[in-house]
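**Q** Pasting model_35.txt here (compact mmCIF, C-alpha atoms):
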# COMPACT_ATOMS: atom_id res chain seq x y z
CA MET F 1141 154.90 -34.62 13.06
CA GLU F 1142 154.91 -38.33 14.06
CA LEU F 1143 151.33 -38.02 15.31
CA GLN F 1144 150.22 -36.58 12.00
CA VAL F 1145 151.92 -39.43 10.14
CA LEU F 1146 150.19 -42.01 12.33
CA ARG F 1147 146.83 -40.31 11.73
CA SER F 1148 147.39 -40.32 7.96
CA HIS F 1149 147.94 -44.09 8.17
CA GLY F 1150 144.57 -44.62 9.78
CA HIS F 1151 145.50 -44.78 13.44
CA THR F 1152 143.18 -43.39 16.12
CA ILE F 1153 145.05 -41.34 18.71
CA ILE F 1154 143.94 -40.16 22.15
CA PHE F 1155 146.13 -37.14 22.92
CA ILE F 1156 146.06 -35.74 26.47
CA SER F 1157 147.43 -32.23 27.01
CA HIS F 1158 146.64 -28.95 28.72
CA LYS F 1159 148.62 -26.95 26.15
CA LEU F 1160 146.22 -25.23 23.79
CA ASN F 1161 148.72 -24.85 20.96
CA GLU F 1162 149.23 -28.62 20.90
CA ILE F 1163 145.49 -29.29 20.91
CA PHE F 1164 144.85 -26.93 18.01
CA LYS F 1165 147.85 -28.22 16.08
CA PHE F 1166 147.33 -31.97 16.34
CA CYS F 1167 143.70 -32.72 17.19
CA ASP F 1168 140.47 -33.01 15.21
CA ARG F 1169 138.17 -33.16 18.24
CA VAL F 1170 138.69 -32.04 21.81
CA SER F 1171 136.98 -33.04 25.05
CA VAL F 1172 137.41 -30.88 28.13
CA MET F 1173 137.53 -32.40 31.61
CA ARG F 1174 137.42 -30.50 34.89
CA ASP F 1175 137.32 -31.91 38.41
CA GLY F 1176 136.80 -35.43 37.08
CA LYS F 1177 133.81 -34.50 34.91
CA LEU F 1178 133.38 -34.21 31.15
CA ILE F 1179 132.53 -30.57 30.42
CA GLY F 1180 132.14 -30.66 26.64
CA THR F 1181 133.32 -32.06 23.32
CA HIS F 1182 133.96 -29.96 20.20
CA ASN F 1183 135.32 -30.16 16.70
CA VAL F 1184 138.59 -28.22 16.91
CA ALA F 1185 137.76 -26.37 13.70
CA ASP F 1186 134.53 -25.06 15.25
CA VAL F 1187 135.85 -23.75 18.57
CA ASP F 1188 138.32 -21.10 19.69
CA ARG F 1189 141.00 -21.04 22.39
CA GLN F 1190 138.99 -18.76 24.65
CA THR F 1191 136.06 -21.19 24.80
CA ILE F 1192 138.30 -24.15 25.60
CA SER F 1193 140.19 -22.14 28.25
CA ASN F 1194 136.97 -21.06 29.94
CA GLU F 1195 135.69 -24.64 30.05
CA MET F 1196 138.99 -25.92 31.46
CA VAL F 1197 138.98 -23.43 34.31
CA GLY F 1198 135.25 -22.86 34.83
CA ARG F 1199 135.39 -19.10 34.41
CA GLU F 1200 136.51 -16.40 31.99
CA VAL F 1201 140.27 -16.66 31.46
CA LEU F 1202 142.53 -13.86 30.26
CA LEU F 1203 144.76 -15.36 27.57
CA SER F 1204 146.73 -12.15 27.01
CA VAL F 1205 148.97 -10.47 29.56
CA SER F 1206 147.87 -7.02 30.66
CA LYS F 1207 150.53 -4.75 32.15
CA ASP F 1208 151.52 -1.11 32.32
CA LYS F 1209 154.82 0.11 30.98
CA ALA F 1210 157.67 -0.64 33.37
CA LYS F 1211 159.17 2.12 35.50
CA ALA F 1212 162.58 0.55 35.94
CA GLY F 1213 164.63 1.66 38.92
CA ASP F 1214 168.15 1.10 40.19
CA LYS F 1215 170.28 -1.92 39.36
CA VAL F 1216 170.07 -4.54 42.11
CA LEU F 1217 171.95 -7.42 40.48
CA VAL F 1218 174.88 -7.00 38.11
CA ALA F 1219 176.62 -9.96 36.49
CA LYS F 1220 179.78 -9.35 34.46
CA ASP F 1221 181.82 -11.66 32.24
CA LEU F 1222 180.32 -14.93 33.48
CA SER F 1223 181.88 -18.06 31.98
CA TYR F 1224 181.20 -21.76 32.42
CA ILE F 1225 182.53 -24.98 30.87
CA ASP F 1226 180.37 -28.09 31.03
CA ASP F 1227 181.40 -31.65 31.92
CA PHE F 1228 182.39 -32.31 28.31
CA GLY F 1229 184.78 -29.37 28.21
CA ILE F 1230 182.45 -27.30 26.03
CA PRO F 1231 181.99 -23.60 26.86
CA ALA F 1232 178.38 -23.19 27.97
CA LEU F 1233 178.70 -19.52 28.95
CA ASP F 1234 181.09 -17.16 27.20
CA HIS F 1235 181.62 -13.88 29.10
CA VAL F 1236 177.95 -13.06 29.66
CA SER F 1237 177.03 -9.75 31.29
CA LEU F 1238 173.66 -8.33 32.32
CA ALA F 1239 171.93 -6.25 34.97
CA LEU F 1240 168.56 -6.55 36.70
CA ARG F 1241 166.71 -3.41 37.76
CA LYS F 1242 163.93 -2.81 40.22
CA SER F 1243 160.41 -2.88 38.76
CA GLU F 1244 161.56 -4.57 35.55
CA ILE F 1245 161.23 -8.01 33.97
CA LEU F 1246 164.27 -8.97 31.91
CA GLY F 1247 163.43 -11.90 29.67
CA VAL F 1248 165.93 -14.43 28.36
CA VAL F 1249 165.18 -16.42 25.20
CA GLY F 1250 167.17 -18.95 23.23
CA VAL F 1251 167.01 -22.49 21.94
CA ASP F 1252 167.41 -24.87 24.89
CA GLY F 1253 171.05 -25.65 25.59
CA ASN F 1254 172.51 -22.27 24.70
CA GLY F 1255 173.56 -21.20 28.18
CA GLN F 1256 170.30 -20.16 29.82
CA SER F 1257 170.38 -22.94 32.43
CA GLU F 1258 174.02 -22.28 33.33
CA LEU F 1259 173.32 -18.57 33.67
CA VAL F 1260 170.50 -19.26 36.12
CA ARG F 1261 172.61 -21.71 38.11
CA ILE F 1262 175.45 -19.22 38.52
CA LEU F 1263 173.12 -16.39 39.51
CA THR F 1264 171.48 -18.58 42.17
CA GLY F 1265 174.63 -20.19 43.57
CA SER F 1266 174.40 -23.77 42.31
CA ALA F 1267 177.25 -23.40 39.79
CA ARG F 1268 180.56 -21.51 39.84
CA THR F 1269 181.63 -19.01 37.22
CA LEU F 1270 185.18 -19.27 35.87
CA SER F 1271 185.44 -15.52 35.42
CA GLY F 1272 183.72 -12.26 36.22
CA SER F 1273 181.46 -11.40 39.13
CA VAL F 1274 177.93 -11.42 40.55
CA VAL F 1275 177.07 -8.37 42.65
CA VAL F 1276 173.76 -8.22 44.51
CA LYS F 1277 172.69 -4.86 45.96
CA GLY F 1278 176.31 -3.73 46.04
CA LYS F 1279 177.66 -6.89 47.67
CA ASP F 1280 180.00 -9.23 45.79
CA LEU F 1281 178.46 -12.71 45.98
CA THR F 1282 180.48 -14.33 43.22
CA ASN F 1283 180.48 -18.13 43.58
CA GLN F 1284 178.67 -18.01 46.90
CA LYS F 1285 176.36 -20.88 47.85
CA PRO F 1286 172.56 -20.73 47.34
CA GLY F 1287 171.98 -19.86 51.00
CA ALA F 1288 174.04 -16.70 50.69
CA LEU F 1289 172.06 -15.63 47.62
CA ARG F 1290 168.78 -16.28 49.45
CA ARG F 1291 169.89 -14.26 52.45
CA ALA F 1292 170.73 -11.44 50.05
CA GLY F 1293 167.14 -11.47 48.78
CA VAL F 1294 167.28 -13.69 45.70
CA ALA F 1295 164.44 -16.20 45.14
CA HIS F 1296 164.74 -18.95 42.55
CA ILE F 1297 162.15 -20.94 40.62
CA ALA F 1298 164.19 -23.82 39.22
CA GLU F 1299 163.47 -25.22 35.79
CA ASP F 1300 163.56 -28.80 37.15
CA ARG F 1301 161.05 -29.09 39.98
CA MET F 1302 161.84 -32.79 40.50
CA THR F 1303 165.56 -32.58 41.25
CA VAL F 1304 166.12 -28.97 42.29
CA GLY F 1305 162.83 -27.25 43.05
CA THR F 1306 161.51 -29.69 45.65
CA ALA F 1307 162.54 -32.41 48.09
CA LEU F 1308 160.24 -35.18 46.88
CA PRO F 1309 160.11 -37.36 50.03
CA ALA F 1310 159.44 -34.35 52.28
CA SER F 1311 155.96 -33.05 52.95
CA ILE F 1312 154.32 -30.17 51.13
CA GLU F 1313 154.51 -28.19 54.36
CA ASP F 1314 158.23 -28.80 54.82
CA ASN F 1315 158.93 -27.86 51.20
CA LEU F 1316 156.95 -24.64 51.55
CA MET F 1317 158.75 -23.69 54.76
CA ALA F 1318 162.24 -24.84 53.75
CA ASP F 1319 163.53 -21.30 53.21
CA ARG F 1320 161.95 -19.72 56.32
CA TYR F 1321 161.79 -22.24 59.17
CA PHE F 1322 164.52 -20.22 60.95
CA HIS F 1323 162.44 -17.02 60.99
CA PRO F 1324 161.60 -15.78 64.51
CA GLU F 1325 157.88 -16.51 64.15
CA TYR F 1326 158.63 -20.22 63.67
CA LYS F 1327 161.33 -20.67 66.32
CA GLY F 1328 160.39 -21.69 69.82
CA ARG F 1329 162.41 -22.21 72.94
CA ALA F 1330 165.51 -24.41 73.02
CA GLY F 1331 165.60 -24.54 69.25
CA PHE F 1332 162.26 -26.30 68.80
CA LEU F 1333 160.11 -25.28 65.84
CA LYS F 1334 156.62 -23.87 66.19
CA ARG F 1335 154.99 -26.52 64.05
CA ALA F 1336 151.48 -25.08 64.45
CA ALA F 1337 152.57 -21.70 63.10
CA MET F 1338 154.39 -23.39 60.23
CA ALA F 1339 151.34 -25.51 59.42
CA GLN F 1340 149.12 -22.44 59.32
CA ALA F 1341 151.51 -20.55 57.05
CA ALA F 1342 151.80 -23.55 54.72
CA ALA F 1343 148.01 -23.98 54.63
CA GLU F 1344 147.61 -20.37 53.55
CA ILE F 1345 150.04 -20.88 50.66
CA VAL F 1346 148.25 -24.11 49.66
CA THR F 1347 144.96 -22.21 49.49
CA THR F 1348 146.32 -19.13 47.73
CA PHE F 1349 148.14 -21.11 45.06
CA ASP F 1350 145.45 -23.79 44.70
CA ILE F 1351 147.76 -26.71 45.42
CA ARG F 1352 145.47 -29.74 45.00
CA CYS F 1353 146.18 -32.08 47.90
CA LYS F 1354 144.41 -33.91 50.71
CA SER F 1355 146.78 -32.50 53.31
CA ALA F 1356 149.93 -30.37 53.44
CA LYS F 1357 151.42 -33.27 55.41
CA GLN F 1358 151.54 -35.56 52.39
CA PRO F 1359 154.83 -35.93 50.48
CA VAL F 1360 155.42 -33.76 47.46
CA ALA F 1361 156.17 -36.94 45.49
CA SER F 1362 152.47 -37.82 45.71
CA LEU F 1363 151.44 -34.73 43.73
CA SER F 1364 150.95 -34.31 40.01
CA GLY F 1365 153.64 -32.43 38.12
CA GLY F 1366 151.51 -29.32 37.91
CA ASN F 1367 150.86 -29.26 41.65
CA MET F 1368 154.55 -29.82 42.35
CA GLN F 1369 155.18 -26.71 40.28
CA LYS F 1370 152.63 -24.82 42.38
CA VAL F 1371 154.56 -25.80 45.51
CA VAL F 1372 157.70 -24.25 44.05
CA ILE F 1373 155.81 -21.18 42.83
CA GLY F 1374 154.06 -20.75 46.19
CA ARG F 1375 157.29 -20.92 48.19
CA GLU F 1376 159.30 -18.60 45.96
CA PHE F 1377 156.55 -16.04 45.35
CA THR F 1378 156.00 -15.67 49.10
CA ALA F 1379 159.71 -15.53 49.94
CA ASP F 1380 161.17 -12.37 51.42
CA ALA F 1381 162.99 -11.53 48.18
CA ASP F 1382 163.65 -8.42 46.12
CA ILE F 1383 165.06 -10.35 43.16
CA LEU F 1384 163.46 -13.33 41.46
CA VAL F 1385 165.28 -15.61 39.04
CA ILE F 1386 162.47 -17.49 37.37
CA ALA F 1387 163.01 -20.42 34.99
CA GLN F 1388 160.12 -22.12 33.19
CA PRO F 1389 157.46 -20.90 35.65
CA THR F 1390 154.44 -22.33 33.83
CA ARG F 1391 155.86 -25.68 32.76
CA GLY F 1392 153.29 -28.41 33.36
CA VAL F 1393 150.47 -26.25 34.73
CA ASP F 1394 147.01 -25.63 33.29
CA VAL F 1395 145.80 -22.49 31.58
CA GLY F 1396 144.12 -21.16 34.72
CA ALA F 1397 147.31 -21.52 36.74
CA ILE F 1398 149.28 -19.87 33.93
CA GLU F 1399 147.00 -16.85 34.11
CA PHE F 1400 147.43 -16.69 37.90
CA ILE F 1401 151.23 -17.01 37.73
CA HIS F 1402 151.53 -14.32 35.07
CA LYS F 1403 149.40 -11.93 37.13
CA ARG F 1404 151.52 -12.51 40.23
CA ILE F 1405 154.76 -11.90 38.33
CA ILE F 1406 153.41 -8.59 37.02
CA GLU F 1407 152.21 -7.65 40.51
CA MET F 1408 155.65 -8.34 41.95
CA ARG F 1409 157.26 -6.23 39.25
CA ASP F 1410 154.88 -3.40 40.10
CA GLN F 1411 155.85 -3.76 43.77
CA GLY F 1412 159.45 -2.98 42.84
CA LYS F 1413 160.96 -6.43 42.48
CA ALA F 1414 163.59 -7.21 39.85
CA ILE F 1415 162.80 -10.29 37.79
CA LEU F 1416 164.83 -12.43 35.40
CA LEU F 1417 162.46 -14.61 33.36
CA VAL F 1418 163.77 -17.60 31.41
CA SER F 1419 161.28 -19.66 29.43
CA SER F 1420 161.24 -21.96 26.42
CA ASP F 1421 157.80 -20.52 25.61
CA LEU F 1422 158.70 -17.65 23.29
CA GLN F 1423 155.26 -16.06 23.46
CA GLU F 1424 155.36 -16.12 27.26
CA VAL F 1425 158.69 -14.30 27.40
CA MET F 1426 157.68 -11.76 24.75
CA SER F 1427 154.38 -10.91 26.44
CA MET F 1428 155.76 -10.78 29.99
CA SER F 1429 159.12 -9.08 29.52
CA ASP F 1430 159.88 -5.37 29.63
CA SER F 1431 163.35 -5.85 28.16
CA LEU F 1432 164.79 -8.90 26.49
CA VAL F 1433 168.08 -10.66 25.75
CA VAL F 1434 168.69 -13.47 23.24
CA MET F 1435 171.28 -16.19 23.86
CA ASN F 1436 173.09 -18.33 21.33
CA SER F 1437 176.12 -20.57 21.88
CA GLY F 1438 176.60 -19.29 25.41
CA LYS F 1439 176.62 -15.61 24.45
CA ILE F 1440 174.14 -12.76 24.51
CA VAL F 1441 173.69 -11.96 20.83
CA ALA F 1442 170.93 -9.36 21.12
CA TYR F 1443 169.38 -6.98 23.62
CA PHE F 1444 166.07 -5.15 23.28
CA GLU F 1445 165.52 -2.45 25.88
CA ASP F 1446 161.84 -2.51 24.91
CA ALA F 1447 160.69 -6.09 24.30
CA SER F 1448 157.68 -4.87 22.32
CA THR F 1449 159.93 -3.54 19.54
CA THR F 1450 160.80 -7.01 18.22
CA THR F 1451 158.91 -9.96 16.71
CA ASP F 1452 159.07 -13.71 17.12
CA LYS F 1453 160.51 -14.02 13.59
CA GLU F 1454 163.31 -11.59 14.35
CA LEU F 1455 164.07 -13.33 17.64
CA GLY F 1456 164.20 -16.63 15.78
CA LEU F 1457 167.02 -15.35 13.60
CA TYR F 1458 169.05 -14.37 16.66
CA MET F 1459 168.24 -17.62 18.46
CA LEU F 1460 169.53 -19.67 15.51
CA GLY F 1461 172.70 -17.60 15.18
CA LEU F 1462 171.69 -16.16 11.81
CA LYS F 1463 171.77 -12.60 13.11
CA LYS F 1464 173.72 -10.73 15.80
CA GLN F 1465 173.70 -7.20 17.15
CA ASN F 1466 176.82 -5.07 17.36
CA PRO F 1467 178.69 -5.08 20.70
CA GLU F 1468 177.53 -1.56 21.56
CA GLU F 1469 173.87 -2.57 21.45
CA ILE F 1470 174.52 -5.76 23.43
CA GLY F 1471 176.48 -3.78 26.02
CA LYS F 1472 173.38 -1.77 26.87
CA VAL F 1473 172.07 -4.76 28.81
CA LEU F 1474 174.25 -3.46 31.65
CA HIS F 1475 172.37 -0.12 31.41
CA GLU F 1476 175.61 1.82 31.36
Would you write out, as structure tokens, the structure that this file holds?
**A**
Amino acid sequence: MELQVLRSHGHTIIFISHKLNEIFKFCDRVSVMRDGKLIGTHNVADVDRQTISNEMVGREVLLSVSKDKAKAGDKVLVAKDLSYIDDFGIPALDHVSLALRKSEILGVVGVDGNGQSELVRILTGSARTLSGSVVVKGKDLTNQKPGALRRAGVAHIAEDRMTVGTALPASIEDNLMADRYFHPEYKGRAGFLKRAAMAQAAAEIVTTFDIRCKSAKQPVASLSGGNMQKVVIGREFTADADILVIAQPTRGVDVGAIEFIHKRIIEMRDQGKAILLVSSDLQEVMSMSDSLVVMNSGKIVAYFEDASTTTDKELGLYMLGLKKQNPEEIGKVLHE
């Protein structure tokens, strides 16, 4: 809104973004750059999103998510009655319960600050619940540390790549190998690491996930935000995990990387992994999720077993607290 006011007062604005919705909302003209070169300039009114996406990436980009109907399996993570009070004494989670099943993506939507972050932190071991339990593949891991959750097969893409997702002073290689350096293929005699094997494994991830860097030996802090995110994505997507807790996976990455990340998430679901997807991008969650919960004021206020049966307008009512399902419907999120 402020940009539009400035424009109406005669100001010229150069707006840099890789988010198409922002470009089409705020801009009159758009220039596309790729690999340091100017690819093209258009009047926004005369061009569509597909054209801009293709120019940004240099190939045809799929803007919609293509996936078969989920064939959900057994429950592999069950959380019951989770509660959390923040540093100001305000309840951030109020007896939240849910279950993740194999071969299913459970999406979580809500206005930022309504308990999604605290839910993720408890499920991944970086925060303690005041009540209830977290059971992973039949084992009670309530209030266990992140290492215990990882050993149980839970991978975690953190919403804040700067403070949680990466160790900024460490190298790209060390960040990529941080959860697997103790695996037998990387351990030599007398406790020494097989650095050559680790370097090769890291290089393969760098290539697969298109992490733009001069060398995997350079510190993560030297990367752009989008490439930092690719480091996190590359490590967690290649982890030996059956369960993925994913928060804001496409934050700060370009449209080509978004397409790649979405495809990999669907592939992992089809391989039998259970996925919890939290995103502030409502369209992302709606298009990716098989089932869906809505959070408001630290509670689950709605559950849709089939995410395709709802609309963004209906979700908005639940997100703002203007609508709430009955307890029986919400209770189905435990698949009981």
**Q** Within 6 Å of F:Asn1183, counting all atoms listed in the file, which residues show up once you throw out same-chain ones fewer than 2 positions away? Write them as a list in words, please.
**A**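 The neighbour list is Arg1169, Ala1185 and Asp1186 of chain F.
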**Q** Near F:Tyr1321, within 10 Å and counting all atoms listed in the file, which residues show up once chain neighbours fewer than 6 positions away are dropped, as a PyMOL selection string?
**A** chain F and resi 1314+1327+1333-1335+1338
**Q** Skipping near chain neighbours, those fewer than 3 positions away, what residues fall within 12 Å of F:Pro1231 using only C-alpha atoms, listed as a PyMOL selection string?
**A** chain F and resi 1222-1228+1234-1236+1253-1255+1258+1269-1270+1436-1439
**Q** Out of F:Leu1217, F:Met1317, F:Ile1440, F:Ile1470, which residue has the shortest atom-to-atom distance to F:Leu1289 when counting all atoms listed in the file?
**A**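 The answer is F:Leu1217, which sits nearest to F:Leu1289.
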**Q** For F:Gly1305, which residue out of F:Val1346, F:Gly1374, F:Val1249, F:Lys1277 is the nearest one, using all atoms listed in the file?
**A**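 Counting all atoms listed in the file, the residue closest to F:Gly1305 is F:Gly1374.
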**Q** Please report the interatomic distance between atom CA of F:Ser1266 and atom CA of F:Pro1467 in Å with one decimal.
**A**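 Straight-line distance from atom CA of F:Ser1266 to atom CA of F:Pro1467 works out to 28.9 Å.
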**Q** Between atom CA of F:Ile1351 and atom CA of F:Val1205, what is the spacing in Å?
**A** 22.7 Å
**Q** Please identify all polymer residues within 7 Å of stretch 1364-1368 of chain F, counting all atoms listed in the file, omitting same-chain residues fewer than 3 positions from it, and present them as an MDAnalysis selection string.
**A** chainID F and resid 1301 1351:1352 1360 1371:1372 1392:1393
**Q** Select all residues near (137.6, -30.9, 25.6) (cut-off 6 Å, inclusive, file coordinates), counting only C-alpha atoms, and output them as a list in words.
**A**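 Residues close enough to count: Val1170, Ser1171, Val1172, Gly1180 and Thr1181 of chain F.
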**Q** For F:Val1418, please output as number ranges by chain all residues within 7 Å (counting only C-alpha atoms; exclusion window: fewer than 2 positions along the same chain).
**A** F: 1247-1249, 1386-1388, 1416
**Q** Under the rule that all atoms listed in the file are counted, which of F:Glu1468, F:Asp1430, F:Glu1454, F:Glu1376 is the nearest residue to F:Ile1245?
**A**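 Between F:Glu1468, F:Asp1430, F:Glu1454, F:Glu1376, the residue approaching F:Ile1245 most closely is F:Asp1430.
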**Q** Between F:Arg1189, F:Ala1414, F:Lys1463, F:Ile1398, which residue has the minimum interatomic distance to F:Asp1214, considering only C-alpha atoms?
**A** F:Ala1414
**Q** Would you mind completing stretch 1390-1412 of chain F to N, CA and C atoms and writing the output as a short mmCIF file (atom, residue, chain, number, x, y, z; two decimals), in the frame of the given file?
**A**
data_model
loop_
_atom_site.label_atom_id
_atom_site.label_comp_id
_atom_site.auth_asym_id
_atom_site.auth_seq_id
_atom_site.Cartn_x
_atom_site.Cartn_y
_atom_site.Cartn_z
N THR F 1390 155.74 -21.74 34.13
CA THR F 1390 154.44 -22.33 33.83
C THR F 1390 154.53 -23.73 33.22
N ARG F 1391 155.69 -24.34 33.32
CA ARG F 1391 155.86 -25.68 32.76
C ARG F 1391 154.98 -26.68 33.51
N GLY F 1392 154.09 -27.34 32.78
CA GLY F 1392 153.29 -28.41 33.36
C GLY F 1392 152.05 -27.98 34.09
N VAL F 1393 151.67 -26.69 34.03
CA VAL F 1393 150.47 -26.25 34.73
C VAL F 1393 149.38 -25.89 33.73
N ASP F 1394 148.13 -25.87 34.20
CA ASP F 1394 147.01 -25.63 33.29
C ASP F 1394 146.85 -24.15 32.99
N VAL F 1395 145.94 -23.86 32.08
CA VAL F 1395 145.80 -22.49 31.58
C VAL F 1395 145.35 -21.53 32.68
N GLY F 1396 144.55 -22.01 33.62
CA GLY F 1396 144.12 -21.16 34.72
C GLY F 1396 145.28 -20.80 35.63
N ALA F 1397 146.14 -21.78 35.91
CA ALA F 1397 147.31 -21.52 36.74
C ALA F 1397 148.30 -20.60 36.02
N ILE F 1398 148.41 -20.75 34.71
CA ILE F 1398 149.28 -19.87 33.93
C ILE F 1398 148.83 -18.43 34.07
N GLU F 1399 147.54 -18.19 33.95
CA GLU F 1399 147.00 -16.85 34.11
C GLU F 1399 147.34 -16.29 35.48
N PHE F 1400 147.16 -17.10 36.52
CA PHE F 1400 147.43 -16.69 37.90
C PHE F 1400 148.91 -16.35 38.08
N ILE F 1401 149.78 -17.22 37.58
CA ILE F 1401 151.23 -17.01 37.73
C ILE F 1401 151.66 -15.74 37.02
N HIS F 1402 151.17 -15.53 35.81
CA HIS F 1402 151.53 -14.32 35.07
C HIS F 1402 151.09 -13.07 35.82
N LYS F 1403 149.89 -13.08 36.37
CA LYS F 1403 149.40 -11.93 37.13
C LYS F 1403 150.30 -11.65 38.33
N ARG F 1404 150.70 -12.71 39.04
CA ARG F 1404 151.52 -12.51 40.23
C ARG F 1404 152.90 -11.96 39.86
N ILE F 1405 153.45 -12.42 38.76
CA ILE F 1405 154.76 -11.90 38.33
C ILE F 1405 154.66 -10.41 38.02
N ILE F 1406 153.60 -10.01 37.33
CA ILE F 1406 153.41 -8.59 37.02
C ILE F 1406 153.21 -7.79 38.30
N GLU F 1407 152.43 -8.33 39.24
CA GLU F 1407 152.21 -7.65 40.51
C GLU F 1407 153.52 -7.45 41.26
N MET F 1408 154.37 -8.46 41.26
CA MET F 1408 155.65 -8.34 41.95
C MET F 1408 156.54 -7.31 41.27
N ARG F 1409 156.52 -7.28 39.95
CA ARG F 1409 157.26 -6.23 39.25
C ARG F 1409 156.77 -4.86 39.67
N ASP F 1410 155.45 -4.69 39.73
CA ASP F 1410 154.88 -3.40 40.10
C ASP F 1410 155.16 -3.02 41.54
N GLN F 1411 155.48 -4.02 42.37
CA GLN F 1411 155.85 -3.76 43.77
C GLN F 1411 157.32 -3.40 43.92
N GLY F 1412 158.05 -3.39 42.80
CA GLY F 1412 159.45 -2.98 42.84
C GLY F 1412 160.46 -4.09 42.76
#
